[in-house]
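K.L.:
My structure is in upload.txt, and what it holds is compact mmCIF, C-alpha atoms and all ligand atoms:
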```txt
# COMPACT_ATOMS: atom_id res chain seq x y z
CA MET A 1 74.95 -134.94 75.36
CA LEU A 2 74.38 -131.21 75.01
CA LEU A 3 72.03 -129.32 77.26
CA HIS A 4 69.74 -126.90 75.46
CA ARG A 5 69.51 -123.41 76.85
CA THR A 6 65.73 -123.65 76.78
CA SER A 7 65.81 -126.63 79.17
CA ILE A 8 67.55 -124.45 81.75
CA GLU A 9 65.29 -121.49 81.06
CA ASP A 10 62.11 -123.53 81.41
CA HIS A 11 63.37 -125.16 84.58
CA ASN A 12 64.31 -121.78 86.10
CA ALA A 13 61.01 -120.21 85.11
CA ALA A 14 59.12 -122.96 86.95
CA LEU A 15 61.16 -122.51 90.13
CA LEU A 16 61.60 -118.75 90.04
CA ALA A 17 58.78 -117.57 92.32
CA ALA A 18 59.65 -119.95 95.15
CA HIS A 19 63.33 -119.09 94.76
CA GLN A 20 62.66 -115.36 94.99
CA ARG A 21 60.62 -115.81 98.16
CA ARG A 22 63.48 -117.69 99.82
CA LEU A 23 66.07 -115.18 98.66
CA GLN A 24 64.04 -112.27 99.93
CA TYR A 25 63.89 -113.85 103.37
CA LEU A 26 67.64 -114.51 103.30
CA ARG A 27 68.31 -110.89 102.33
CA SER A 28 66.36 -109.77 105.38
CA GLU A 29 68.50 -112.02 107.61
CA VAL A 30 71.96 -111.72 106.04
CA PRO A 31 73.05 -108.22 105.07
CA GLN A 32 76.18 -109.40 103.15
CA VAL A 33 74.22 -111.28 100.48
CA ASP A 34 75.08 -108.94 97.62
CA ASP A 35 78.77 -108.72 98.52
CA VAL A 36 79.07 -112.48 98.59
CA LEU A 37 77.35 -113.19 95.27
CA PRO A 38 80.17 -112.24 92.84
CA LEU A 39 82.73 -114.17 94.90
CA LEU A 40 80.54 -117.24 94.77
CA THR A 41 80.08 -116.96 91.04
CA ASP A 42 83.84 -116.69 90.51
CA LEU A 43 84.73 -119.84 92.42
CA GLN A 44 85.13 -122.73 90.00
CA ILE A 45 85.81 -126.28 91.12
CA ALA A 46 87.86 -128.49 88.80
CA ILE A 47 86.50 -131.93 87.99
CA PRO A 48 88.93 -134.86 87.88
CA SER A 49 88.82 -136.83 84.65
CA TRP A 50 88.99 -140.06 86.68
CA ALA A 51 85.80 -139.47 88.67
CA LEU A 52 83.40 -139.47 85.75
CA GLY A 53 82.99 -143.24 85.77
CA THR A 54 81.80 -145.37 88.64
CA GLY A 55 84.42 -145.93 91.30
CA GLY A 56 85.10 -149.27 92.84
CA THR A 57 86.83 -151.06 95.64
CA ARG A 58 88.90 -154.22 95.57
CA PHE A 59 85.64 -156.01 96.32
CA GLY A 60 83.92 -154.99 93.15
CA ARG A 61 82.59 -152.32 90.89
CA PHE A 62 78.98 -151.68 90.00
CA SER A 63 78.68 -149.45 86.99
CA GLY A 64 75.50 -147.50 86.38
CA GLY A 65 76.24 -147.39 82.65
CA GLY A 66 76.77 -144.56 80.17
CA GLU A 67 80.36 -144.01 81.26
CA PRO A 68 82.54 -141.79 79.07
CA ARG A 69 84.63 -143.84 76.63
CA SER A 70 87.20 -141.19 75.70
CA ILE A 71 88.66 -137.86 76.78
CA ALA A 72 86.20 -136.16 74.45
CA GLU A 73 83.27 -137.79 76.26
CA LYS A 74 84.78 -136.88 79.61
CA ILE A 75 84.97 -133.27 78.49
CA GLU A 76 81.34 -133.49 77.38
CA ASP A 77 80.36 -134.75 80.83
CA VAL A 78 82.17 -131.94 82.59
CA GLY A 79 80.61 -129.54 80.07
CA LEU A 80 77.23 -130.88 81.11
CA LEU A 81 77.99 -130.30 84.79
CA HIS A 82 79.22 -126.81 84.00
CA ALA A 83 76.10 -126.01 81.99
CA LEU A 84 74.01 -127.11 84.95
CA ASN A 85 75.88 -125.22 87.67
CA GLN A 86 78.35 -122.81 85.96
CA SER A 87 80.72 -123.78 88.76
CA SER A 88 82.74 -126.62 87.25
CA GLY A 89 84.67 -124.72 84.61
CA SER A 90 87.73 -126.93 84.36
CA ILE A 91 88.91 -130.50 84.08
CA SER A 92 92.01 -132.08 85.58
CA LEU A 93 93.61 -134.88 83.58
CA HIS A 94 95.43 -137.87 85.04
CA ILE A 95 98.18 -139.15 82.75
CA PRO A 96 98.44 -141.82 81.36
CA TRP A 97 94.79 -142.58 82.18
CA ASP A 98 93.90 -139.76 79.81
CA VAL A 99 96.42 -138.91 77.13
CA PRO A 100 95.11 -136.54 74.46
CA GLU A 101 95.94 -137.63 70.92
CA ASN A 102 95.16 -134.33 69.32
CA HIS A 103 95.73 -131.45 71.71
CA ALA A 104 94.30 -128.78 69.45
CA SER A 105 90.98 -130.55 68.98
CA ILE A 106 90.71 -131.48 72.67
CA ARG A 107 91.45 -127.89 73.61
CA SER A 108 88.87 -126.56 71.22
CA LEU A 109 86.26 -129.07 72.42
CA ALA A 110 86.90 -127.93 76.00
CA ALA A 111 86.60 -124.29 74.95
CA GLN A 112 83.25 -125.01 73.28
CA HIS A 113 82.01 -126.16 76.68
CA GLY A 114 83.53 -123.14 78.44
CA LEU A 115 86.17 -125.34 80.08
CA ARG A 116 89.89 -124.98 80.66
CA PHE A 117 92.46 -127.53 81.82
CA ASP A 118 93.37 -127.48 85.48
CA ALA A 119 96.44 -129.22 86.94
CA VAL A 120 97.78 -132.29 85.16
CA ASN A 121 98.39 -135.30 87.41
CA SER A 122 101.27 -137.71 86.97
CA ASN A 123 101.00 -141.40 87.78
CA THR A 124 103.98 -143.36 89.03
CA PHE A 125 101.91 -145.54 91.35
CA GLN A 126 100.96 -148.07 88.69
CA ASP A 127 103.02 -149.90 86.11
CA GLN A 128 101.92 -149.24 82.55
CA PRO A 129 102.02 -151.79 79.73
CA GLY A 130 105.43 -151.85 78.09
CA GLN A 131 107.10 -149.89 80.87
CA GLN A 132 110.76 -150.83 81.32
CA HIS A 133 111.08 -150.58 85.13
CA SER A 134 108.51 -151.43 87.80
CA TYR A 135 107.27 -149.08 90.52
CA LYS A 136 106.64 -151.94 92.91
CA PHE A 137 109.21 -150.52 95.33
CA GLY A 138 108.60 -146.88 94.63
CA SER A 139 109.28 -144.37 91.90
CA LEU A 140 111.01 -141.10 92.79
CA GLN A 141 112.40 -142.68 95.98
CA HIS A 142 113.61 -145.88 94.32
CA VAL A 143 117.00 -147.34 95.25
CA ASP A 144 117.71 -147.85 91.53
CA LYS A 145 118.58 -144.67 89.66
CA ALA A 146 117.14 -146.06 86.43
CA VAL A 147 113.69 -146.36 88.01
CA ARG A 148 113.92 -142.84 89.38
CA LYS A 149 114.94 -141.58 85.95
CA GLN A 150 111.95 -143.25 84.34
CA ALA A 151 109.60 -141.66 86.89
CA ILE A 152 111.22 -138.24 86.46
CA GLU A 153 110.84 -138.48 82.70
CA HIS A 154 107.19 -139.42 83.08
CA ASN A 155 106.56 -136.29 85.15
CA ILE A 156 108.36 -134.15 82.59
CA GLU A 157 106.25 -135.72 79.84
CA VAL A 158 103.12 -134.86 81.87
CA ILE A 159 104.28 -131.24 82.05
CA ARG A 160 104.71 -131.28 78.26
CA GLN A 161 101.19 -132.60 77.82
CA GLY A 162 99.90 -129.94 80.18
CA VAL A 163 101.65 -127.16 78.28
CA GLU A 164 99.87 -128.27 75.10
CA LEU A 165 96.55 -128.06 76.92
CA GLY A 166 97.11 -124.75 78.69
CA SER A 167 97.43 -126.22 82.19
CA LYS A 168 99.45 -124.27 84.72
CA ALA A 169 100.25 -126.83 87.40
CA LEU A 170 101.64 -130.32 87.87
CA SER A 171 100.09 -132.30 90.68
CA VAL A 172 102.33 -135.02 92.08
CA TRP A 173 101.06 -137.74 94.35
CA LEU A 174 103.50 -140.52 95.20
CA SER A 175 102.52 -143.85 96.63
CA ASP A 176 106.21 -144.35 97.49
CA GLY A 177 106.92 -145.72 100.91
CA SER A 178 107.35 -149.09 102.55
CA CYS A 179 105.18 -151.87 103.87
CA PHE A 180 107.48 -153.25 106.56
CA PRO A 181 109.99 -151.93 109.08
CA GLY A 182 113.52 -152.12 107.79
CA GLN A 183 112.45 -152.10 104.14
CA LEU A 184 113.57 -148.52 103.59
CA ASN A 185 116.24 -146.18 104.79
CA PHE A 186 114.00 -143.17 105.47
CA ARG A 187 116.72 -140.58 104.92
CA LYS A 188 117.86 -142.10 101.65
CA ALA A 189 114.27 -142.37 100.44
CA PHE A 190 113.74 -138.71 101.29
CA GLN A 191 116.96 -137.63 99.57
CA ASN A 192 116.23 -139.64 96.44
CA THR A 193 112.72 -138.22 96.30
CA LEU A 194 113.96 -134.69 96.81
CA GLU A 195 116.59 -135.00 94.09
CA SER A 196 114.02 -136.48 91.70
CA LEU A 197 111.56 -133.70 92.48
CA GLN A 198 114.32 -131.14 91.89
CA GLU A 199 114.78 -132.45 88.37
CA ILE A 200 111.04 -132.27 87.74
CA TYR A 201 110.89 -128.80 89.26
CA ALA A 202 113.66 -127.66 86.92
CA ALA A 203 111.48 -128.63 83.96
CA LEU A 204 108.52 -126.48 85.08
CA PRO A 205 107.70 -123.55 82.81
CA ALA A 206 108.13 -120.14 84.47
CA ASP A 207 104.42 -119.62 85.09
CA TRP A 208 103.73 -123.14 86.40
CA LYS A 209 103.34 -124.50 89.90
CA LEU A 210 104.15 -127.90 91.35
CA TRP A 211 101.69 -129.24 93.93
CA LEU A 212 102.98 -132.00 96.15
CA GLU A 213 100.17 -134.04 97.68
CA TYR A 214 100.70 -136.00 100.90
CA LYS A 215 98.92 -139.07 102.16
CA ALA A 216 99.33 -140.89 105.48
CA PHE A 217 99.07 -144.45 104.22
CA GLU A 218 97.86 -146.71 101.39
CA PRO A 219 99.06 -148.42 99.29
CA ASN A 220 102.07 -148.57 101.60
CA PHE A 221 101.13 -149.45 105.15
CA TYR A 222 104.26 -148.90 107.19
CA SER A 223 105.70 -145.64 105.87
CA THR A 224 104.87 -143.17 103.13
CA THR A 225 107.62 -140.96 101.78
CA VAL A 226 105.35 -137.88 101.54
CA ALA A 227 103.12 -138.85 104.43
CA ASP A 228 101.90 -135.61 105.94
CA TRP A 229 101.83 -131.86 105.53
CA GLY A 230 105.11 -131.44 107.41
CA GLN A 231 106.93 -133.73 105.02
CA SER A 232 105.34 -132.14 101.99
CA TYR A 233 106.26 -128.72 103.39
CA LEU A 234 109.85 -129.84 103.83
CA TYR A 235 110.11 -130.90 100.20
CA VAL A 236 108.37 -127.85 98.75
CA SER A 237 110.35 -125.39 100.82
CA LYS A 238 113.57 -127.04 99.60
CA LEU A 239 112.33 -127.04 96.00
CA GLY A 240 111.62 -123.34 95.55
CA PRO A 241 108.91 -120.70 95.19
CA LYS A 242 106.89 -122.56 92.55
CA ALA A 243 106.33 -125.59 94.79
CA PHE A 244 103.33 -125.91 97.11
CA THR A 245 101.61 -128.45 99.32
CA LEU A 246 98.35 -129.93 98.13
CA VAL A 247 95.81 -130.95 100.76
CA ASP A 248 93.56 -133.90 99.97
CA LEU A 249 90.96 -133.98 102.72
CA GLY A 250 91.00 -137.79 102.87
CA HIS A 251 94.74 -138.16 103.37
CA HIS A 252 95.06 -137.57 107.10
CA LEU A 253 95.21 -139.80 110.12
CA PRO A 254 91.86 -139.90 111.95
CA ASN A 255 90.68 -136.67 113.58
CA ALA A 256 93.52 -134.54 112.22
CA ASN A 257 92.80 -130.84 112.54
CA ILE A 258 92.84 -130.06 108.82
CA GLU A 259 91.72 -126.46 109.29
CA GLN A 260 94.81 -125.74 111.39
CA ILE A 261 97.06 -127.34 108.77
CA VAL A 262 95.46 -125.17 106.11
CA SER A 263 95.87 -122.03 108.18
CA LEU A 264 99.59 -122.58 108.76
CA LEU A 265 100.36 -123.59 105.18
CA LEU A 266 98.59 -120.44 104.00
CA MET A 267 100.52 -118.34 106.50
CA GLU A 268 103.77 -119.71 105.08
CA GLY A 269 102.64 -119.14 101.48
CA ARG A 270 102.90 -122.86 100.74
CA LEU A 271 99.31 -123.94 100.33
CA GLY A 272 98.81 -124.93 96.71
CA GLY A 273 95.28 -126.21 96.65
CA PHE A 274 92.82 -128.92 97.48
CA HIS A 275 91.48 -132.28 96.57
CA PHE A 276 88.01 -132.22 98.08
CA ASN A 277 86.19 -135.32 99.27
CA ASP A 278 84.85 -136.61 102.56
CA SER A 279 85.56 -139.62 104.71
CA LYS A 280 84.64 -141.35 107.90
CA TYR A 281 87.46 -143.87 108.23
CA GLY A 282 90.34 -143.41 105.80
CA ASP A 283 90.73 -142.20 102.24
CA ASP A 284 87.08 -143.01 101.61
CA ASP A 285 86.66 -140.62 98.66
CA LEU A 286 83.04 -139.89 99.55
CA THR A 287 81.02 -136.93 98.35
CA THR A 288 82.39 -133.69 99.77
CA GLY A 289 80.34 -132.50 102.73
CA SER A 290 78.45 -135.78 103.07
CA ILE A 291 80.00 -136.80 106.41
CA ARG A 292 81.60 -133.75 108.04
CA PRO A 293 80.11 -130.56 106.65
CA TYR A 294 81.14 -128.59 109.76
CA GLN A 295 84.78 -129.50 109.20
CA LEU A 296 84.47 -128.34 105.60
CA PHE A 297 83.07 -125.03 106.80
CA LEU A 298 85.89 -124.65 109.36
CA ILE A 299 88.44 -125.25 106.60
CA PHE A 300 86.83 -122.54 104.48
CA ASN A 301 86.69 -120.27 107.49
CA GLU A 302 90.48 -120.50 107.75
CA LEU A 303 90.86 -120.18 104.01
CA VAL A 304 88.85 -116.97 103.75
CA GLU A 305 90.55 -115.42 106.75
CA GLY A 306 94.02 -116.54 105.68
CA MET A 307 93.64 -115.61 102.02
CA ASP A 308 92.29 -112.18 102.90
CA ALA A 309 95.21 -111.64 105.26
CA ARG A 310 97.56 -112.26 102.31
CA HIS A 311 95.39 -110.29 99.85
CA MET A 312 94.91 -113.37 97.71
CA ASN A 313 92.29 -113.84 95.02
CA HIS A 314 90.00 -116.56 96.34
CA ALA A 315 89.15 -118.01 92.96
CA GLN A 316 92.54 -117.79 91.25
CA ASP A 317 95.31 -118.19 93.78
CA LEU A 318 94.67 -121.75 94.96
CA GLY A 319 93.77 -124.93 93.12
CA TRP A 320 90.21 -126.09 93.84
CA MET A 321 89.51 -129.62 92.79
CA ILE A 322 87.41 -132.61 93.68
CA ASP A 323 89.04 -135.99 94.15
CA ALA A 324 86.26 -138.44 94.92
CA SER A 325 84.74 -141.56 93.48
CA HIS A 326 82.74 -144.44 94.83
CA ASN A 327 80.43 -147.29 94.16
CA VAL A 328 76.83 -146.44 94.66
CA LYS A 329 75.97 -143.07 93.14
CA ASP A 330 75.70 -141.73 89.65
CA PRO A 331 79.14 -140.06 89.33
CA LEU A 332 77.69 -136.93 87.74
CA GLU A 333 75.08 -136.51 90.45
CA ASP A 334 77.79 -137.07 93.02
CA LEU A 335 79.95 -134.34 91.49
CA LEU A 336 77.01 -131.92 91.45
CA GLN A 337 76.52 -132.59 95.15
CA SER A 338 80.22 -132.10 95.92
CA VAL A 339 80.42 -128.79 94.08
CA GLU A 340 77.31 -127.57 95.89
CA ALA A 341 78.75 -128.56 99.28
CA ILE A 342 82.06 -126.82 98.57
CA LYS A 343 80.40 -123.60 97.49
CA LEU A 344 78.03 -123.72 100.43
CA ALA A 345 80.91 -124.01 102.89
CA TYR A 346 82.66 -121.14 101.08
CA ALA A 347 79.52 -118.98 101.26
CA GLN A 348 79.10 -119.72 104.97
CA ALA A 349 82.72 -118.74 105.58
CA LEU A 350 82.18 -115.50 103.69
CA ILE A 351 79.38 -114.40 106.02
CA VAL A 352 81.31 -115.02 109.25
CA ASP A 353 81.36 -111.79 111.25
CA ARG A 354 85.16 -111.44 111.24
CA LYS A 355 85.33 -108.30 113.34
CA ALA A 356 83.18 -109.84 116.05
CA LEU A 357 85.21 -113.06 115.91
CA ALA A 358 88.51 -111.17 116.26
CA ALA A 359 87.06 -109.28 119.23
CA ALA A 360 85.84 -112.49 120.85
CA GLN A 361 89.30 -114.03 120.36
CA ALA A 362 91.03 -110.96 121.81
CA ASN A 363 88.77 -111.20 124.87
CA ASN A 364 89.10 -114.97 125.24
CA ASP A 365 85.33 -115.10 124.85
CA VAL A 366 85.17 -118.74 123.83
CA VAL A 367 81.38 -118.96 123.93
CA ARG A 368 80.93 -115.91 121.71
CA ALA A 369 83.50 -117.24 119.22
CA GLN A 370 81.61 -120.50 118.92
CA GLU A 371 78.29 -118.67 118.53
CA ILE A 372 79.70 -116.54 115.72
CA LEU A 373 81.01 -119.51 113.76
CA GLN A 374 77.92 -121.61 114.25
CA ALA A 375 75.59 -118.75 113.37
CA ALA A 376 77.22 -118.68 109.93
CA PHE A 377 77.29 -122.45 109.60
CA ARG A 378 73.62 -122.80 110.52
CA THR A 379 72.38 -120.15 108.12
CA ASP A 380 70.74 -121.78 105.14
CA LEU A 381 72.57 -120.16 102.22
CA ARG A 382 71.22 -122.44 99.55
CA PRO A 383 69.07 -119.64 98.06
CA LEU A 384 72.25 -117.59 97.68
CA LEU A 385 73.92 -120.36 95.72
CA ALA A 386 70.83 -120.70 93.58
CA GLU A 387 70.82 -116.96 92.91
CA SER A 388 74.47 -117.02 91.88
CA ARG A 389 73.67 -119.85 89.46
CA LEU A 390 70.64 -118.02 88.09
CA ARG A 391 72.71 -114.93 87.37
CA ALA A 392 75.41 -117.04 85.69
CA GLY A 393 72.85 -118.71 83.40
CA ALA A 394 72.89 -122.05 85.22
CA ALA A 395 70.03 -124.07 86.68
CA LEU A 396 68.36 -123.08 89.95
CA ALA A 397 68.35 -126.76 90.98
CA PRO A 398 71.01 -128.61 88.93
CA LEU A 399 70.43 -132.05 90.41
CA GLN A 400 66.68 -131.81 89.93
CA LEU A 401 67.13 -130.78 86.30
CA PHE A 402 69.66 -133.58 85.72
CA ARG A 403 66.96 -136.04 86.78
CA GLU A 404 64.09 -134.31 84.99
CA LEU A 405 66.04 -134.51 81.75
CA ASN A 406 66.88 -138.19 82.28
CA VAL A 407 70.50 -137.40 81.52
CA ARG A 408 71.85 -140.76 82.64
CA GLN A 409 69.35 -142.66 80.48
CA SER A 410 70.40 -140.59 77.45
CA LEU A 411 74.06 -141.28 78.16
CA ILE A 412 73.37 -145.01 78.46
CA LYS A 413 71.53 -144.93 75.16
CA GLU A 414 74.43 -143.15 73.51
CA ARG A 415 77.33 -145.05 75.13
CA GLY A 416 75.88 -148.33 76.30
CA THR A 417 76.16 -150.10 79.63
CA THR A 418 79.53 -151.81 79.36
CA ALA A 419 82.07 -149.05 78.69
CA VAL A 420 84.43 -148.53 81.61
CA ALA A 421 85.90 -145.07 82.03
CA THR A 422 89.62 -144.96 82.78
CA GLY A 423 90.45 -143.96 86.31
CA LEU A 424 90.09 -145.52 89.69
C1 LIG A 501 95.62 -140.82 95.87
O1 LIG A 501 94.80 -141.45 96.80
C2 LIG A 501 94.91 -139.66 95.18
O2 LIG A 501 94.28 -138.84 96.13
C3 LIG A 501 95.84 -138.85 94.32
O3 LIG A 501 95.39 -137.53 94.19
C4 LIG A 501 95.73 -139.55 93.03
O4 LIG A 501 96.22 -138.82 91.96
C5 LIG A 501 94.22 -139.75 92.98
O5 LIG A 501 93.91 -140.12 94.33
C6 LIG A 501 93.77 -140.77 92.01
O6 LIG A 501 94.31 -142.03 92.31
MN MN A 502 94.02 -136.71 95.79
```
Once you've parsed the file, please lay out its structure as structure tokens.
Ligand code: PSV
Ligand code: MN
P.N.:
Amino acid sequence: MLLHRTSIEDHNAALLAAHQRRLQYLRSEVPQVDDVLPLLTDLQIAIPSWALGTGGTRFGRFSGGGEPRSIAEKIEDVGLLHALNQSSGSISLHIPWDVPENHASIRSLAAQHGLRFDAVNSNTFQDQPGQQHSYKFGSLQHVDKAVRKQAIEHNIEVIRQGVELGSKALSVWLSDGSCFPGQLNFRKAFQNTLESLQEIYAALPADWKLWLEYKAFEPNFYSTTVADWGQSYLYVSKLGPKAFTLVDLGHHLPNANIEQIVSLLLMEGRLGGFHFNDSKYGDDDLTTGSIRPYQLFLIFNELVEGMDARHMNHAQDLGWMIDASHNVKDPLEDLLQSVEAIKLAYAQALIVDRKALAAAQANNDVVRAQEILQAAFRTDLRPLLAESRLRAGAALAPLQLFRELNVRQSLIKERGTTAVATGL
């Protein structure tokens, strides 16, 4: 489904007066508004190809219908999101869930929607039909060299696919680990994984990055071979300068201080990027900012401070991606909400009074430091986000327009109720 320009223009015209009133008030309260606007516009959040259909749990799946039936339809869906918010300008493919048959036509379809291809994700956590060796007991860590070789070759094939699409990063998440004590020799598993990653790393084109994602548990419940940021850091620092740690917000043990992890990885030049989502219990994959928006803000606070300290380009130098999916929302509405939450946290971090915060820290003025952070967090910057969308040609209220246009009903009409998108 294509969104007509006039739909956005009519929608914006109807909301313009109220928007301008709110923005004017914000300008009177927040002097940095005009400095922040271009940064906000630049930040694009990649959409994962596997989150465009309804998610599920092992207890069931309740599709809302109209799910994309092919990569082309997935690109169309991301194009729709991008037309609505001008903030979702790329798509991240998971292979083999999404293998393009004709790269040139897929690339040109993406370009028509103003999209590029973000990191490509490999998958050695599931067995595929016709696959020679099973990943039941791991992939890159496996005790059998033949299994490791198969997994290495898959990753190299994913790089090849990514090159055809114009991607610049390979994202590796391994479910490798063990379910019971004694099942694995930890050191051997680490060494095997490292050697396998070294072979994959050697196949990276010069201008590519490798992002190594960690996760505390699931599907293995006793040990995971890349279980936390320290382990990921160990691998990537042994691999070389093109390897980085990827932080998925849902992959920590309860109450981990993610903002501190982010700060230190940035300091060491090893933070690759993010998989955004939110959670209350484990890897819940909920809408970003739906449970712990303050934590999200604190993460962005460290990001802005740390990236500025290293003179990094906020929009370009890290990978920004959503990794979420669940049962009960329209996936496209959910993604619109996540993108909004991410950009809101970013905007809040941008208006933190850094000089005052540094002074409070230098004076051990704990109360003042808290006041400074919370002043930024509690400022309603939604009009700023709306203004950045307006200037970029997007909708003032993307979610509202999505509903007004009955997008889901149109997609159901076009695609039916039974198609199941590949992914989680
Ligand atoms: C694993 O839980 C993960 O976060 C990895 O990023 C996977 O690639 C993705 O979810 C989809 O399974
Ligand atoms: Mn992830």
K.L.:
Which residues sit within 10 Å of ligand MN 502 (chain A), counting only C-alpha atoms and all ligand atoms, listed as an mmCIF file with C-alpha atoms, in the frame of the given file?
P.N.:
```
data_model
loop_
_atom_site.group_PDB
_atom_site.id
_atom_site.type_symbol
_atom_site.label_atom_id
_atom_site.label_comp_id
_atom_site.auth_asym_id
_atom_site.auth_seq_id
_atom_site.Cartn_x
_atom_site.Cartn_y
_atom_site.Cartn_z
ATOM 1 C CA PRO A 48 88.930 -134.860 87.880
ATOM 2 C CA ASN A 121 98.390 -135.300 87.410
ATOM 3 C CA SER A 171 100.090 -132.300 90.680
ATOM 4 C CA VAL A 172 102.330 -135.020 92.080
ATOM 5 C CA TRP A 173 101.060 -137.740 94.350
ATOM 6 C CA GLU A 213 100.170 -134.040 97.680
ATOM 7 C CA TYR A 214 100.700 -136.000 100.900
ATOM 8 C CA LYS A 215 98.920 -139.070 102.160
ATOM 9 C CA LEU A 246 98.350 -129.930 98.130
ATOM 10 C CA VAL A 247 95.810 -130.950 100.760
ATOM 11 C CA ASP A 248 93.560 -133.900 99.970
ATOM 12 C CA LEU A 249 90.960 -133.980 102.720
ATOM 13 C CA GLY A 250 91.000 -137.790 102.870
ATOM 14 C CA HIS A 251 94.740 -138.160 103.370
ATOM 15 C CA PHE A 274 92.820 -128.920 97.480
ATOM 16 C CA HIS A 275 91.480 -132.280 96.570
ATOM 17 C CA PHE A 276 88.010 -132.220 98.080
ATOM 18 C CA ASN A 277 86.190 -135.320 99.270
ATOM 19 C CA ASP A 283 90.730 -142.200 102.240
ATOM 20 C CA ASP A 285 86.660 -140.620 98.660
ATOM 21 C CA MET A 321 89.510 -129.620 92.790
ATOM 22 C CA ILE A 322 87.410 -132.610 93.680
ATOM 23 C CA ASP A 323 89.040 -135.990 94.150
ATOM 24 C CA ALA A 324 86.260 -138.440 94.920
#
```
K.L.:
Quick one: distance from CA of Tyr201 (chain A) to CA of Gly240 (chain A) in Å, one decimal?
P.N.:
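One can read the CA of Tyr201 (chain A) to CA of Gly240 (chain A) distance as 8.4 Å.
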K.L.:
Can you work out the spacing between CA of Thr224 (chain A) and CA of Ser122 (chain A) in Å, to one decimal?
P.N.:
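One can read the CA of Thr224 (chain A) to CA of Ser122 (chain A) distance as 17.4 Å.
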K.L.:
Give me the residues near Ala375 (chain A) as a compact mmCIF listing (two decimals) with C-alpha atoms, in the coordinates of the input, where near means some atom within 10 Å (using only C-alpha atoms) and where sequence neighbours in that chain fewer than 5 positions away do not count.
P.N.:
```txt
# COMPACT_ATOMS: atom_id res chain seq x y z
CA GLN A 348 79.10 -119.72 104.97
CA ILE A 351 79.38 -114.40 106.02
CA VAL A 352 81.31 -115.02 109.25
CA ASP A 353 81.36 -111.79 111.25
CA ALA A 369 83.50 -117.24 119.22
CA GLN A 370 81.61 -120.50 118.92
```
K.L.:
I'd like to know which of A:Gln24, A:Ser263, A:Gln150, A:Ser88 is closest to Leu336 (chain A), using all atoms listed in the file.
P.N.:
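Looking at the shortest contact to Leu336 (chain A), the residue is A:Ser88.
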K.L.:
Taking 5 positions as the minimum chain separation for residues in the same chain, which residues sit within 12 Å of region 355-368 of chain A when counting all atoms listed in the file? Answer as a list of chain:residue names.
P.N.:
A:Asn301, A:Glu305, A:Leu373, A:Gln374, A:Ala375, A:Ala376
K.L.:
Have a look at A:Glu195, A:Glu73, A:Asp284, A:Glu153 and name the one nearest to ligand LIG 501 (chain A); count all atoms listed in the file.
P.N.:
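Of A:Glu195, A:Glu73, A:Asp284, A:Glu153, the one nearest ligand LIG 501 (chain A) is A:Asp284, counting all atoms listed in the file.
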K.L.:
Please complete region 259-269 of chain A with N, CA and C atoms and give it back as a PDB file, in the coordinates of the input.
P.N.:
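Saved result, out.pdb, follows:
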```
ATOM      1  N   GLU A 259      91.826-127.918 109.402  1.00  0.00           N
ATOM      2  CA  GLU A 259      91.720-126.460 109.290  1.00  0.00           C
ATOM      3  C   GLU A 259      92.977-125.755 109.828  1.00  0.00           C
ATOM      4  N   GLN A 260      93.582-126.352 110.847  1.00  0.00           N
ATOM      5  CA  GLN A 260      94.810-125.740 111.390  1.00  0.00           C
ATOM      6  C   GLN A 260      95.976-125.913 110.403  1.00  0.00           C
ATOM      7  N   ILE A 261      96.019-127.086 109.783  1.00  0.00           N
ATOM      8  CA  ILE A 261      97.060-127.340 108.770  1.00  0.00           C
ATOM      9  C   ILE A 261      96.956-126.301 107.654  1.00  0.00           C
ATOM     10  N   VAL A 262      95.713-126.108 107.210  1.00  0.00           N
ATOM     11  CA  VAL A 262      95.460-125.170 106.110  1.00  0.00           C
ATOM     12  C   VAL A 262      95.889-123.762 106.509  1.00  0.00           C
ATOM     13  N   SER A 263      95.548-123.376 107.719  1.00  0.00           N
ATOM     14  CA  SER A 263      95.870-122.030 108.180  1.00  0.00           C
ATOM     15  C   SER A 263      97.387-121.791 108.167  1.00  0.00           C
ATOM     16  N   LEU A 264      98.136-122.780 108.653  1.00  0.00           N
ATOM     17  CA  LEU A 264      99.590-122.580 108.760  1.00  0.00           C
ATOM     18  C   LEU A 264     100.271-122.637 107.388  1.00  0.00           C
ATOM     19  N   LEU A 265      99.789-123.532 106.535  1.00  0.00           N
ATOM     20  CA  LEU A 265     100.360-123.590 105.180  1.00  0.00           C
ATOM     21  C   LEU A 265     100.119-122.265 104.446  1.00  0.00           C
ATOM     22  N   LEU A 266      98.916-121.729 104.637  1.00  0.00           N
ATOM     23  CA  LEU A 266      98.590-120.440 104.000  1.00  0.00           C
ATOM     24  C   LEU A 266      99.508-119.348 104.550  1.00  0.00           C
ATOM     25  N   MET A 267      99.678-119.352 105.856  1.00  0.00           N
ATOM     26  CA  MET A 267     100.520-118.340 106.500  1.00  0.00           C
ATOM     27  C   MET A 267     101.929-118.357 105.911  1.00  0.00           C
ATOM     28  N   GLU A 268     102.411-119.565 105.618  1.00  0.00           N
ATOM     29  CA  GLU A 268     103.770-119.710 105.080  1.00  0.00           C
ATOM     30  C   GLU A 268     103.817-119.558 103.562  1.00  0.00           C
ATOM     31  N   GLY A 269     102.671-119.310 102.945  1.00  0.00           N
ATOM     32  CA  GLY A 269     102.640-119.140 101.480  1.00  0.00           C
ATOM     33  C   GLY A 269     102.904-120.444 100.752  1.00  0.00           C
TER      34      GLY A 269
END
```
